[in-house]
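Reproduced below: run.pdb, with PDB, N, CA and C atoms.
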ATOM      1  N   MET A 215     124.547 123.673  93.008
ATOM      2  CA  MET A 215     123.126 123.594  93.254
ATOM      3  C   MET A 215     122.460 122.594  92.306
ATOM      4  N   ALA A 216     122.756 122.677  91.008
ATOM      5  CA  ALA A 216     122.157 121.768  90.033
ATOM      6  C   ALA A 216     122.563 120.329  90.309
ATOM      7  N   LYS A 217     123.796 120.148  90.788
ATOM      8  CA  LYS A 217     124.268 118.808  91.094
ATOM      9  C   LYS A 217     123.435 118.163  92.199
ATOM     10  N   GLU A 218     123.107 118.931  93.238
ATOM     11  CA  GLU A 218     122.264 118.428  94.324
ATOM     12  C   GLU A 218     120.905 118.013  93.792
ATOM     13  N   THR A 219     120.329 118.805  92.903
ATOM     14  CA  THR A 219     119.030 118.500  92.320
ATOM     15  C   THR A 219     119.086 117.195  91.547
ATOM     16  N   ASN A 220     120.161 116.984  90.776
ATOM     17  CA  ASN A 220     120.303 115.745  90.022
ATOM     18  C   ASN A 220     120.411 114.549  90.953
ATOM     19  N   PHE A 221     121.149 114.682  92.035
ATOM     20  CA  PHE A 221     121.284 113.591  92.990
ATOM     21  C   PHE A 221     119.953 113.297  93.669
ATOM     22  N   GLU A 222     119.218 114.349  94.021
ATOM     23  CA  GLU A 222     117.920 114.153  94.668
ATOM     24  C   GLU A 222     116.955 113.472  93.699
ATOM     25  N   GLY A 223     116.977 113.883  92.442
ATOM     26  CA  GLY A 223     116.125 113.259  91.433
ATOM     27  C   GLY A 223     116.472 111.784  91.259
ATOM     28  N   ALA A 224     117.756 111.498  91.209
ATOM     29  CA  ALA A 224     118.198 110.106  91.084
ATOM     30  C   ALA A 224     117.774 109.292  92.301
ATOM     31  N   ARG A 225     117.851 109.898  93.460
ATOM     32  CA  ARG A 225     117.445 109.221  94.691
ATOM     33  C   ARG A 225     115.944 108.920  94.669
ATOM     34  N   LEU A 226     115.134 109.877  94.228
ATOM     35  CA  LEU A 226     113.689 109.672  94.162
ATOM     36  C   LEU A 226     113.320 108.566  93.184
ATOM     37  N   VAL A 227     113.937 108.578  92.009
ATOM     38  CA  VAL A 227     113.641 107.556  91.008
ATOM     39  C   VAL A 227     114.099 106.184  91.498
ATOM     40  N   SER A 228     115.289 106.113  92.044
ATOM     41  CA  SER A 228     115.789 104.834  92.558
ATOM     42  C   SER A 228     114.905 104.311  93.681
ATOM     43  N   GLY A 229     114.504 105.201  94.567
ATOM     44  CA  GLY A 229     113.615 104.811  95.666
ATOM     45  C   GLY A 229     112.291 104.283  95.166
ATOM     46  N   ALA A 230     111.751 104.908  94.125
ATOM     47  CA  ALA A 230     110.484 104.451  93.553
ATOM     48  C   ALA A 230     110.628 103.059  92.954
ATOM     49  N   ILE A 231     111.723 102.828  92.239
ATOM     50  CA  ILE A 231     111.948 101.521  91.630
ATOM     51  C   ILE A 231     112.110 100.443  92.694
ATOM     52  N   LEU A 232     112.784 100.784  93.783
ATOM     53  CA  LEU A 232     113.015  99.823  94.855
ATOM     54  C   LEU A 232     111.833  99.682  95.810
ATOM     55  N   GLY A 233     110.839 100.530  95.667
ATOM     56  CA  GLY A 233     109.667 100.450  96.549
ATOM     57  C   GLY A 233     109.849 101.163  97.868
ATOM     58  N   TYR A 234     110.769 102.126  97.919
ATOM     59  CA  TYR A 234     111.041 102.855  99.156
ATOM     60  C   TYR A 234     110.194 104.118  99.303
ATOM     61  N   ASP A 235     109.322 104.378  98.349
ATOM     62  CA  ASP A 235     108.591 105.641  98.355
ATOM     63  C   ASP A 235     107.200 105.528  98.982
ATOM     64  N   PHE A 236     107.100 104.821 100.065
ATOM     65  CA  PHE A 236     105.845 104.699 100.791
ATOM     66  C   PHE A 236     105.906 105.540 102.059
ATOM     67  N   ARG A 237     104.755 105.749 102.660
ATOM     68  CA  ARG A 237     104.662 106.474 103.927
ATOM     69  C   ARG A 237     103.922 105.583 104.916
ATOM     70  N   ARG A 238     104.272 105.693 106.163
ATOM     71  CA  ARG A 238     103.531 104.999 107.230
ATOM     72  C   ARG A 238     102.929 106.049 108.135
ATOM     73  N   VAL A 239     101.674 105.824 108.511
ATOM     74  CA  VAL A 239     100.985 106.749 109.405
ATOM     75  C   VAL A 239     100.311 105.960 110.521
ATOM     76  N   MET A 240     100.228 106.593 111.685
ATOM     77  CA  MET A 240      99.538 105.994 112.831
ATOM     78  C   MET A 240      98.188 106.681 112.992
ATOM     79  N   VAL A 241      97.131 105.877 113.020
ATOM     80  CA  VAL A 241      95.784 106.399 113.235
ATOM     81  C   VAL A 241      95.071 105.439 114.178
ATOM     82  N   GLY A 242      94.606 105.959 115.297
ATOM     83  CA  GLY A 242      93.877 105.133 116.251
ATOM     84  C   GLY A 242      94.688 103.984 116.810
ATOM     85  N   GLY A 243      95.993 104.182 116.934
ATOM     86  CA  GLY A 243      96.865 103.147 117.482
ATOM     87  C   GLY A 243      97.281 102.085 116.477
ATOM     88  N   GLU A 244      96.860 102.207 115.239
ATOM     89  CA  GLU A 244      97.227 101.261 114.185
ATOM     90  C   GLU A 244      98.148 101.940 113.182
ATOM     91  N   CYS A 245      99.049 101.155 112.614
ATOM     92  CA  CYS A 245      99.966 101.674 111.601
ATOM     93  C   CYS A 245      99.446 101.287 110.216
ATOM     94  N   TYR A 246      99.358 102.278 109.340
ATOM     95  CA  TYR A 246      98.895 102.062 107.975
ATOM     96  C   TYR A 246      99.985 102.497 106.996
ATOM     97  N   THR A 247     100.122 101.754 105.904
ATOM     98  CA  THR A 247     101.097 102.078 104.875
ATOM     99  C   THR A 247     100.388 102.743 103.706
ATOM    100  N   ILE A 248     100.920 103.875 103.276
ATOM    101  CA  ILE A 248     100.398 104.575 102.111
ATOM    102  C   ILE A 248     101.439 104.456 101.015
ATOM    103  N   ASN A 249     101.105 103.682  99.991
ATOM    104  CA  ASN A 249     101.988 103.534  98.838
ATOM    105  C   ASN A 249     101.741 104.691  97.872
ATOM    106  N   PRO A 250     102.626 104.893  96.910
ATOM    107  CA  PRO A 250     102.385 105.957  95.943
ATOM    108  C   PRO A 250     100.991 105.783  95.334
ATOM    109  N   PRO A 251     100.236 106.859  95.262
ATOM    110  CA  PRO A 251      98.841 106.715  94.833
ATOM    111  C   PRO A 251      98.705 106.433  93.338
ATOM    112  N   THR A 252      97.721 105.606  93.019
ATOM    113  CA  THR A 252      97.339 105.398  91.630
ATOM    114  C   THR A 252      96.320 106.478  91.271
ATOM    115  N   ILE A 253      96.026 106.607  90.003
ATOM    116  CA  ILE A 253      95.004 107.564  89.583
ATOM    117  C   ILE A 253      93.666 107.200  90.219
ATOM    118  N   GLU A 254      93.361 105.910  90.286
ATOM    119  CA  GLU A 254      92.097 105.470  90.896
ATOM    120  C   GLU A 254      92.027 105.887  92.365
ATOM    121  N   ARG A 255      93.104 105.706  93.115
ATOM    122  CA  ARG A 255      93.105 106.092  94.534
ATOM    123  C   ARG A 255      92.977 107.604  94.703
ATOM    124  N   MET A 256      93.659 108.346  93.857
ATOM    125  CA  MET A 256      93.566 109.803  93.946
ATOM    126  C   MET A 256      92.153 110.268  93.615
ATOM    127  N   CYS A 257      91.517 109.637  92.640
ATOM    128  CA  CYS A 257      90.138 110.006  92.295
ATOM    129  C   CYS A 257      89.177 109.641  93.427
ATOM    130  N   GLY A 258      89.366 108.472  94.018
ATOM    131  CA  GLY A 258      88.504 108.064  95.129
ATOM    132  C   GLY A 258      88.623 109.017  96.307
ATOM    133  N   ALA A 259      89.843 109.360  96.669
ATOM    134  CA  ALA A 259      90.059 110.310  97.764
ATOM    135  C   ALA A 259      89.544 111.688  97.382
ATOM    136  N   GLY A 260      89.809 112.091  96.147
ATOM    137  CA  GLY A 260      89.366 113.401  95.679
ATOM    138  C   GLY A 260      87.860 113.559  95.712
ATOM    139  N   TYR A 261      87.145 112.482  95.456
ATOM    140  CA  TYR A 261      85.684 112.518  95.533
ATOM    141  C   TYR A 261      85.234 112.968  96.920
ATOM    142  N   TRP A 262      85.862 112.415  97.957
ATOM    143  CA  TRP A 262      85.472 112.728  99.336
ATOM    144  C   TRP A 262      86.031 114.061  99.803
ATOM    145  N   LEU A 263      87.047 114.569  99.141
ATOM    146  CA  LEU A 263      87.632 115.855  99.525
ATOM    147  C   LEU A 263      87.138 117.013  98.651
ATOM    148  N   SER A 264      86.235 116.727  97.742
ATOM    149  CA  SER A 264      85.810 117.748  96.774
ATOM    150  C   SER A 264      85.031 118.908  97.386
ATOM    151  N   SER A 265      84.542 118.755  98.598
ATOM    152  CA  SER A 265      83.773 119.844  99.214
ATOM    153  C   SER A 265      84.610 120.704 100.164
ATOM    154  N   LEU A 266      85.935 120.528 100.151
ATOM    155  CA  LEU A 266      86.785 121.337 101.024
ATOM    156  C   LEU A 266      86.700 122.805 100.644
ATOM    157  N   GLU A 267      86.695 123.638 101.652
ATOM    158  CA  GLU A 267      86.710 125.083 101.439
ATOM    159  C   GLU A 267      88.155 125.534 101.207
ATOM    160  N   PRO A 268      88.357 126.600 100.432
ATOM    161  CA  PRO A 268      89.717 127.103 100.223
ATOM    162  C   PRO A 268      90.379 127.505 101.544
ATOM    163  N   GLY A 269      91.676 127.379 101.587
ATOM    164  CA  GLY A 269      92.433 127.753 102.774
ATOM    165  C   GLY A 269      93.868 128.053 102.415
ATOM    166  N   GLU A 270      94.629 128.449 103.407
ATOM    167  CA  GLU A 270      96.036 128.795 103.203
ATOM    168  C   GLU A 270      96.912 127.570 102.993
ATOM    169  N   SER A 271      96.499 126.425 103.525
ATOM    170  CA  SER A 271      97.297 125.203 103.412
ATOM    171  C   SER A 271      96.365 124.003 103.360
ATOM    172  N   LEU A 272      96.901 122.871 102.930
ATOM    173  CA  LEU A 272      96.118 121.640 102.915
ATOM    174  C   LEU A 272      95.637 121.319 104.322
ATOM    175  N   ARG A 273      96.510 121.446 105.300
ATOM    176  CA  ARG A 273      96.153 121.142 106.690
ATOM    177  C   ARG A 273      94.982 122.011 107.159
ATOM    178  N   GLU A 274      95.047 123.299 106.849
ATOM    179  CA  GLU A 274      93.974 124.208 107.258
ATOM    180  C   GLU A 274      92.646 123.794 106.621
ATOM    181  N   MET A 275      92.677 123.448 105.350
ATOM    182  CA  MET A 275      91.462 123.042 104.652
ATOM    183  C   MET A 275      90.896 121.753 105.242
ATOM    184  N   LEU A 276      91.768 120.786 105.534
ATOM    185  CA  LEU A 276      91.313 119.511 106.093
ATOM    186  C   LEU A 276      90.761 119.679 107.502
ATOM    187  N   MET A 277      91.433 120.463 108.322
ATOM    188  CA  MET A 277      90.986 120.655 109.705
ATOM    189  C   MET A 277      89.672 121.426 109.780
ATOM    190  N   ALA A 278      89.366 122.231 108.765
ATOM    191  CA  ALA A 278      88.162 123.050 108.779
ATOM    192  C   ALA A 278      86.912 122.287 108.329
ATOM    193  N   THR A 279      87.097 121.100 107.762
ATOM    194  CA  THR A 279      85.923 120.380 107.254
ATOM    195  C   THR A 279      85.013 119.935 108.385
ATOM    196  N   LYS A 280      83.734 119.908 108.097
ATOM    197  CA  LYS A 280      82.749 119.477 109.083
ATOM    198  C   LYS A 280      82.351 118.008 108.870
ATOM    199  N   ASP A 281      82.792 117.431 107.758
ATOM    200  CA  ASP A 281      82.439 116.054 107.436
ATOM    201  C   ASP A 281      83.597 115.117 107.786
ATOM    202  N   TRP A 282      83.616 114.697 109.033
ATOM    203  CA  TRP A 282      84.677 113.838 109.568
ATOM    204  C   TRP A 282      84.820 112.545 108.764
ATOM    205  N   MET A 283      83.704 111.899 108.465
ATOM    206  CA  MET A 283      83.781 110.622 107.757
ATOM    207  C   MET A 283      84.301 110.791 106.326
ATOM    208  N   ALA A 284      84.111 111.952 105.723
ATOM    209  CA  ALA A 284      84.668 112.187 104.388
ATOM    210  C   ALA A 284      86.195 112.114 104.436
ATOM    211  N   LEU A 285      86.786 112.682 105.494
ATOM    212  CA  LEU A 285      88.248 112.611 105.640
ATOM    213  C   LEU A 285      88.693 111.163 105.833
ATOM    214  N   CYS A 286      87.949 110.419 106.642
ATOM    215  CA  CYS A 286      88.296 109.017 106.888
ATOM    216  C   CYS A 286      88.167 108.191 105.616
ATOM    217  N   ARG A 287      87.125 108.453 104.828
ATOM    218  CA  ARG A 287      86.961 107.741 103.554
ATOM    219  C   ARG A 287      88.078 108.105 102.573
ATOM    220  N   ALA A 288      88.454 109.377 102.543
ATOM    221  CA  ALA A 288      89.537 109.806 101.650
ATOM    222  C   ALA A 288      90.846 109.114 102.026
ATOM    223  N   LEU A 289      91.154 109.075 103.318
ATOM    224  CA  LEU A 289      92.382 108.405 103.747
ATOM    225  C   LEU A 289      92.312 106.910 103.461
ATOM    226  N   SER A 290      91.151 106.307 103.648
ATOM    227  CA  SER A 290      90.984 104.895 103.331
ATOM    228  C   SER A 290      91.287 104.624 101.863
ATOM    229  N   TRP A 291      90.824 105.503 100.985
ATOM    230  CA  TRP A 291      91.133 105.363  99.565
ATOM    231  C   TRP A 291      92.635 105.401  99.335
ATOM    232  N   MET A 292      93.339 106.296 100.013
ATOM    233  CA  MET A 292      94.784 106.421  99.809
ATOM    234  C   MET A 292      95.543 105.215 100.369
ATOM    235  N   VAL A 293      95.004 104.578 101.410
ATOM    236  CA  VAL A 293      95.674 103.427 102.020
ATOM    237  C   VAL A 293      95.374 102.143 101.259
ATOM    238  N   GLU A 294      94.094 101.881 100.978
ATOM    239  CA  GLU A 294      93.729 100.577 100.422
ATOM    240  C   GLU A 294      92.995 100.609  99.092
ATOM    241  N   GLY A 295      92.677 101.792  98.590
ATOM    242  CA  GLY A 295      92.003 101.857  97.307
ATOM    243  C   GLY A 295      90.504 101.657  97.381
ATOM    244  N   GLY A 296      89.923 101.934  98.520
ATOM    245  CA  GLY A 296      88.482 101.819  98.715
ATOM    246  C   GLY A 296      88.106 102.394 100.068
ATOM    247  N   GLU A 297      86.858 102.257 100.450
ATOM    248  CA  GLU A 297      86.373 102.846 101.691
ATOM    249  C   GLU A 297      86.327 101.871 102.868
ATOM    250  N   GLY A 298      86.888 100.693 102.691
ATOM    251  CA  GLY A 298      86.793  99.642 103.697
ATOM    252  C   GLY A 298      87.425  99.962 105.046
ATOM    253  N   LEU A 299      88.393 100.850 105.080
ATOM    254  CA  LEU A 299      89.064 101.188 106.342
ATOM    255  C   LEU A 299      88.479 102.426 107.021
ATOM    256  N   ALA A 300      87.483 103.050 106.416
ATOM    257  CA  ALA A 300      86.966 104.326 106.937
ATOM    258  C   ALA A 300      86.498 104.219 108.384
ATOM    259  N   GLU A 301      85.793 103.164 108.709
ATOM    260  CA  GLU A 301      85.280 103.013 110.076
ATOM    261  C   GLU A 301      86.432 102.875 111.073
ATOM    262  N   ALA A 302      87.427 102.061 110.749
ATOM    263  CA  ALA A 302      88.591 101.900 111.640
ATOM    264  C   ALA A 302      89.351 103.216 111.767
ATOM    265  N   LEU A 303      89.512 103.938 110.671
ATOM    266  CA  LEU A 303      90.230 105.211 110.709
ATOM    267  C   LEU A 303      89.473 106.257 111.525
ATOM    268  N   SER A 304      88.152 106.143 111.587
ATOM    269  CA  SER A 304      87.356 107.107 112.348
ATOM    270  C   SER A 304      87.579 106.988 113.851
ATOM    271  N   LYS A 305      88.230 105.931 114.280
ATOM    272  CA  LYS A 305      88.556 105.765 115.705
ATOM    273  C   LYS A 305      89.791 106.582 116.101
ATOM    274  N   GLY A 306      90.486 107.111 115.107
ATOM    275  CA  GLY A 306      91.642 107.966 115.360
ATOM    276  C   GLY A 306      91.216 109.394 115.644
ATOM    277  N   THR A 307      92.181 110.237 115.902
ATOM    278  CA  THR A 307      91.894 111.646 116.156
ATOM    279  C   THR A 307      91.875 112.413 114.837
ATOM    280  N   PRO A 308      91.225 113.577 114.816
ATOM    281  CA  PRO A 308      91.268 114.388 113.595
ATOM    282  C   PRO A 308      92.710 114.702 113.174
ATOM    283  N   ASP A 309      93.567 114.987 114.132
ATOM    284  CA  ASP A 309      94.953 115.295 113.804
ATOM    285  C   ASP A 309      95.641 114.110 113.136
ATOM    286  N   GLU A 310      95.387 112.895 113.602
ATOM    287  CA  GLU A 310      96.006 111.714 113.000
ATOM    288  C   GLU A 310      95.536 111.514 111.562
ATOM    289  N   VAL A 311      94.239 111.670 111.334
ATOM    290  CA  VAL A 311      93.697 111.487 109.988
ATOM    291  C   VAL A 311      94.231 112.572 109.053
ATOM    292  N   VAL A 312      94.269 113.808 109.532
ATOM    293  CA  VAL A 312      94.797 114.901 108.713
ATOM    294  C   VAL A 312      96.273 114.669 108.405
ATOM    295  N   LYS A 313      97.047 114.243 109.387
ATOM    296  CA  LYS A 313      98.464 113.945 109.127
ATOM    297  C   LYS A 313      98.607 112.833 108.093
ATOM    298  N   GLY A 314      97.721 111.841 108.154
ATOM    299  CA  GLY A 314      97.743 110.769 107.167
ATOM    300  C   GLY A 314      97.476 111.281 105.759
ATOM    301  N   LEU A 315      96.475 112.155 105.623
ATOM    302  CA  LEU A 315      96.179 112.731 104.312
ATOM    303  C   LEU A 315      97.311 113.632 103.833
ATOM    304  N   GLU A 316      97.908 114.377 104.749
ATOM    305  CA  GLU A 316      99.062 115.203 104.371
ATOM    306  C   GLU A 316     100.200 114.321 103.865
ATOM    307  N   ALA A 317     100.447 113.213 104.547
ATOM    308  CA  ALA A 317     101.509 112.295 104.119
ATOM    309  C   ALA A 317     101.219 111.717 102.746
ATOM    310  N   ALA A 318      99.952 111.475 102.468
ATOM    311  CA  ALA A 318      99.566 110.896 101.180
ATOM    312  C   ALA A 318      99.740 111.879 100.031
ATOM    313  N   TYR A 319      99.499 113.162 100.303
ATOM    314  CA  TYR A 319      99.500 114.163  99.247
ATOM    315  C   TYR A 319     100.774 114.995  99.149
ATOM    316  N   CYS A 320     101.547 115.089 100.198
ATOM    317  CA  CYS A 320     102.684 116.020 100.222
ATOM    318  C   CYS A 320     104.013 115.281 100.225
ATOM    319  N   ASN A 321     105.030 115.968  99.748
ATOM    320  CA  ASN A 321     106.423 115.497  99.814
ATOM    321  C   ASN A 321     106.648 114.157  99.153
ATOM    322  N   ARG A 322     106.064 113.947  98.038
ATOM    323  CA  ARG A 322     106.297 112.706  97.285
ATOM    324  C   ARG A 322     107.567 112.845  96.499
TER     325      ARG A 322
END
Target format structure tokens, applied to this file:
Amino acid sequence: MAKETNFEGARLVSGAILGYDFRRVMVGGECYTINPPTIERMCGAGYWLSSLEPGESLREMLMATKDWMALCRALSWMVEGGEGLAEALSKGTPDEVVKGLEAAYCNR
């Protein structure tokens, strides 16, 4: 068991060094790349997600929000480090935007 953990850790570190630790998401028919987040990107996204209500999972909390553009701005921060893509991302479905945010925050 410990051996598997060491191999997985080595794989994660090697992938990060080689630049393999990115995610791609489809929103509104466009493909966006989410690179590992910087502190600035996490803070920018966190600003727009700060009003989320508690829930059982990240997905539940994101789907329950009433501020659609806040989710789009948060995802824009994770993709490009600013709010410039928010309008384009708003052309996608709520499920696509939520999946994008899940990809940005989970399974790194």
**Message:** Show me, as a list in words, the residues that have an atom within 8 Å of Met240 of chain A when counting only N, CA and C atoms, minus same-chain residues fewer than 3 positions from it.
**Reply:**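 Selected residues are Arg237, Gly243, Glu244, Cys245, Tyr246, Thr247, Gly306, Thr307, Asp309, Glu310, Val311, Lys313 and Gly314 of chain A.
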**Message:** Considering all atoms listed in the file, can you say which of A:Ala259, A:Pro268, A:Ala302, A:Asn249 comes closest to Ala284 of chain A?
**Reply:**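 Among A:Ala259, A:Pro268, A:Ala302, A:Asn249, it is A:Ala259 that comes nearest to Ala284 of chain A.
Note on the selection: in this file the PyMOL selection byres ((chain A and resi 287) around 6.5) comes out as Gly258, Ala259, Trp262, Trp282, Met283, Ala284, Leu285, Cys286, Ala288, Leu289, Ser290, Trp291, Met292, Gly296, Glu297 and Ala300 of chain A.
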**Complete:** Correct to one decimal, the distance atom C of Leu276 of chain A-atom C of Leu299 of chain A is 17.4 Å
**Message:** Among chain A, which residues does DSSP mark as strand (DSSP E) when it is run on the backbone? Keep the chain and numbering as in the structure and answer as a PyMOL selection string.
**Reply:** chain A and resi 237-241+244-248
For N, CA and C atoms, I'd like the residues from the last selection saved as a tab-separated table (two decimals), in the coordinates of the input.
chain	number	residue	atom	x	y	z
A	237	ARG	N	104.76	105.75	102.66
A	237	ARG	CA	104.66	106.47	103.93
A	237	ARG	C	103.92	105.58	104.92
A	238	ARG	N	104.27	105.69	106.16
A	238	ARG	CA	103.53	105.00	107.23
A	238	ARG	C	102.93	106.05	108.14
A	239	VAL	N	101.67	105.82	108.51
A	239	VAL	CA	100.98	106.75	109.40
A	239	VAL	C	100.31	105.96	110.52
A	240	MET	N	100.23	106.59	111.68
A	240	MET	CA	99.54	105.99	112.83
A	240	MET	C	98.19	106.68	112.99
A	241	VAL	N	97.13	105.88	113.02
A	241	VAL	CA	95.78	106.40	113.24
A	241	VAL	C	95.07	105.44	114.18
A	244	GLU	N	96.86	102.21	115.24
A	244	GLU	CA	97.23	101.26	114.18
A	244	GLU	C	98.15	101.94	113.18
A	245	CYS	N	99.05	101.16	112.61
A	245	CYS	CA	99.97	101.67	111.60
A	245	CYS	C	99.45	101.29	110.22
A	246	TYR	N	99.36	102.28	109.34
A	246	TYR	CA	98.90	102.06	107.98
A	246	TYR	C	99.98	102.50	107.00
A	247	THR	N	100.12	101.75	105.90
A	247	THR	CA	101.10	102.08	104.88
A	247	THR	C	100.39	102.74	103.71
A	248	ILE	N	100.92	103.88	103.28
A	248	ILE	CA	100.40	104.58	102.11
A	248	ILE	C	101.44	104.46	101.02
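Checking A:Ala278, A:Val293, A:Cys257, A:Leu303 one by one against Gly242 of chain A, counting only N, CA and C atoms, you find the shortest gap at A:Leu303.
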**Message:** If I take atom CA of Pro250 of chain A and atom CA of Phe236 of chain A, how far is one from the other in Å, to one decimal?
**Reply:** 6.1 Å
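Atom pair atom N of Leu263 of chain A / atom C of Gly233 of chain A: separated by 26.5 Å.
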**Request:** Select, from A:Glu316, A:Glu222, A:Gly260, A:Val227, the residue with the minimum atom-to-atom distance to Arg273 of chain A, counting only N, CA and C atoms.
**Result:**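 Going through A:Glu316, A:Glu222, A:Gly260, A:Val227 one by one, the smallest distance to Arg273 of chain A is for A:Glu316.
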